[in-house]
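Reproduced below: run.pdb, with PDB, C-alpha atoms, pLDDT in the B column.
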ATOM      1  CA  MET A   2      10.409  -5.744   6.752  1.00 82.00           C
ATOM      2  CA  LYS A   3       7.558  -8.116   6.087  1.00 88.00           C
ATOM      3  CA  LEU A   4       3.829  -7.475   6.027  1.00 90.00           C
ATOM      4  CA  ILE A   5       1.274 -10.273   6.194  1.00 88.00           C
ATOM      5  CA  ALA A   6      -1.618  -8.642   4.368  1.00 88.00           C
ATOM      6  CA  ASN A   7      -4.221 -11.037   5.804  1.00 87.00           C
ATOM      7  CA  ASP A   8      -3.642  -9.440   9.206  1.00 92.00           C
ATOM      8  CA  TYR A   9      -4.662  -5.919   8.113  1.00 93.00           C
ATOM      9  CA  PRO A  10      -7.491  -4.134   6.334  1.00 93.00           C
ATOM     10  CA  SER A  11      -6.435  -2.659   2.990  1.00 89.00           C
ATOM     11  CA  LYS A  12      -6.520   0.894   4.366  1.00 92.00           C
ATOM     12  CA  GLU A  13      -3.843  -0.074   6.896  1.00 95.00           C
ATOM     13  CA  ILE A  14      -1.735  -1.832   4.268  1.00 94.00           C
ATOM     14  CA  ILE A  15      -1.446   1.285   2.115  1.00 95.00           C
ATOM     15  CA  LYS A  16      -0.577   3.410   5.138  1.00 95.00           C
ATOM     16  CA  ILE A  17       2.095   0.972   6.317  1.00 95.00           C
ATOM     17  CA  ILE A  18       3.649   0.853   2.853  1.00 95.00           C
ATOM     18  CA  ARG A  19       3.634   4.649   2.621  1.00 95.00           C
ATOM     19  CA  GLU A  20       5.262   4.939   6.039  1.00 95.00           C
ATOM     20  CA  TRP A  21       7.964   2.466   4.941  1.00 95.00           C
ATOM     21  CA  THR A  22       8.761   4.802   2.044  1.00 95.00           C
ATOM     22  CA  GLU A  23       9.007   7.716   4.491  1.00 96.00           C
ATOM     23  CA  LEU A  24       6.976   9.869   2.099  1.00 97.00           C
ATOM     24  CA  THR A  25       4.112  12.235   2.782  1.00 97.00           C
ATOM     25  CA  GLN A  26       0.737  11.408   1.289  1.00 97.00           C
ATOM     26  CA  ASN A  27       1.387  14.048  -1.348  1.00 98.00           C
ATOM     27  CA  ASP A  28       4.836  12.741  -2.333  1.00 98.00           C
ATOM     28  CA  PHE A  29       3.700   9.117  -2.226  1.00 98.00           C
ATOM     29  CA  GLY A  30       0.787   9.982  -4.480  1.00 97.00           C
ATOM     30  CA  LYS A  31       3.089  11.738  -6.928  1.00 98.00           C
ATOM     31  CA  SER A  32       5.374   8.703  -7.015  1.00 97.00           C
ATOM     32  CA  ILE A  33       2.510   6.540  -8.329  1.00 97.00           C
ATOM     33  CA  HIS A  34       0.764   9.270 -10.329  1.00 97.00           C
ATOM     34  CA  ARG A  35      -2.084   9.743  -7.869  1.00 96.00           C
ATOM     35  CA  SER A  36      -3.255  12.785  -5.939  1.00 97.00           C
ATOM     36  CA  LYS A  37      -2.853  13.361  -2.227  1.00 97.00           C
ATOM     37  CA  SER A  38      -6.637  13.069  -1.861  1.00 98.00           C
ATOM     38  CA  SER A  39      -6.522   9.672  -3.594  1.00 97.00           C
ATOM     39  CA  ILE A  40      -3.971   8.435  -1.054  1.00 97.00           C
ATOM     40  CA  GLN A  41      -6.021   9.908   1.794  1.00 97.00           C
ATOM     41  CA  SER A  42      -9.116   8.100   0.499  1.00 97.00           C
ATOM     42  CA  LEU A  43      -7.217   4.805   0.385  1.00 96.00           C
ATOM     43  CA  GLU A  44      -5.856   5.281   3.912  1.00 96.00           C
ATOM     44  CA  LEU A  45      -9.282   6.197   5.265  1.00 96.00           C
ATOM     45  CA  GLY A  46     -10.945   3.227   3.578  1.00 95.00           C
ATOM     46  CA  ARG A  47     -13.142   5.374   1.314  1.00 97.00           C
ATOM     47  CA  ARG A  48     -11.508   3.744  -1.715  1.00 95.00           C
ATOM     48  CA  VAL A  49     -10.475   0.125  -2.022  1.00 93.00           C
ATOM     49  CA  LEU A  50      -6.857  -0.729  -2.756  1.00 92.00           C
ATOM     50  CA  THR A  51      -6.895  -2.615  -6.052  1.00 93.00           C
ATOM     51  CA  VAL A  52      -4.403  -5.237  -7.165  1.00 93.00           C
ATOM     52  CA  PRO A  53      -3.209  -3.107 -10.124  1.00 95.00           C
ATOM     53  CA  THR A  54      -2.545  -0.179  -7.774  1.00 95.00           C
ATOM     54  CA  LEU A  55      -0.735  -2.443  -5.323  1.00 94.00           C
ATOM     55  CA  ILE A  56       1.419  -3.812  -8.141  1.00 95.00           C
ATOM     56  CA  GLN A  57       2.197  -0.272  -9.310  1.00 96.00           C
ATOM     57  CA  ILE A  58       3.231   0.684  -5.768  1.00 96.00           C
ATOM     58  CA  ALA A  59       5.391  -2.444  -5.475  1.00 95.00           C
ATOM     59  CA  ASN A  60       7.123  -1.819  -8.778  1.00 97.00           C
ATOM     60  CA  THR A  61       7.726   1.859  -7.994  1.00 97.00           C
ATOM     61  CA  HIS A  62       9.063   1.304  -4.479  1.00 96.00           C
ATOM     62  CA  ASP A  63      10.991  -1.956  -4.920  1.00 94.00           C
ATOM     63  CA  LEU A  64       8.562  -4.100  -2.934  1.00 94.00           C
ATOM     64  CA  LYS A  65       7.860  -7.775  -3.497  1.00 93.00           C
ATOM     65  CA  ILE A  66       4.314  -9.121  -3.418  1.00 92.00           C
ATOM     66  CA  THR A  67       4.089 -12.781  -2.488  1.00 91.00           C
ATOM     67  CA  ILE A  68       1.003 -14.941  -2.319  1.00 89.00           C
ATOM     68  CA  GLU A  69       1.353 -18.323  -0.709  1.00 90.00           C
ATOM     69  CA  LYS A  70      -0.985 -21.021   0.442  1.00 90.00           C
ATOM     70  CA  LYS A  71      -1.464 -21.265   4.198  1.00 84.00           C
ATOM     71  CA  GLU A  72      -0.259 -24.407   5.908  1.00 87.00           C
ATOM     72  CA  LYS A  73      -3.031 -26.465   7.457  1.00 82.00           C
TER      73      LYS A  73
END
The structure in this file should be written as C-alpha cells.
Amino acid sequence: MKLIANDYPSKEIIKIIREWTELTQNDFGKSIHRSKSSIQSLELGRRVLTVPTLIQIANTHDLKITIEKKEK
C-alpha cells in the first residue's frame, strides 16, 4: 500500500499506519515504546507527529518513507 502524506493531516497518517499494522492503540504504542494515550493524542491531533517518531514507526514496522519533489 502507498500513502501520499501531503493528502492527509498528520493525525490521519498515524491512524492509517496503525490500521495497516492491525494493532490496537495500546499494542501499537507498546511497539514504539509509547503509551496508548500518546497514540490517542496523535490520532486526535492533540500532539503533532514528529519526524523522529515517524522514522521510529517506519523502522519498527518495516515501512519506507520517501520524499520526492513534485513534478510541475
Result set of the PyMOL selection byres ((chain A and resi 45-61) around 9) on the coordinates above, as a ChimeraX atom specification:
/A:10-15,18,32-33,39-44,62-66
Please report, as JSON, the centre and edge lengths in Å to one decimal of an axis-aligned box covering all listed atoms of segment 68-73 of chain A with 4 Å per side.
{"center_x": -0.8, "center_y": -20.7, "center_z": 2.6, "size_x": 12.4, "size_y": 19.5, "size_z": 17.8}
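When atom CA of Ile5 of chain A is paired with atom CA of Phe29 of chain A, their separation reads 21.3 Å.
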- In Å to one decimal, how far is atom CA of Thr22 of chain A from atom CA of Asp8 of chain A?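 About the pair atom CA of Asp8 of chain A and atom CA of Thr22 of chain A: they are 20.2 Å apart.
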* What is the distance between atom CA of Ala6 of chain A and atom CA of Glu69 of chain A, in Å to one decimal? ->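 The value is 11.3 Å.
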Counting all atoms listed in the file, the residue among A:Asn7, A:Glu20, A:His34, A:Asp28 that lies closest to Lys71 of chain A is A:Asn7
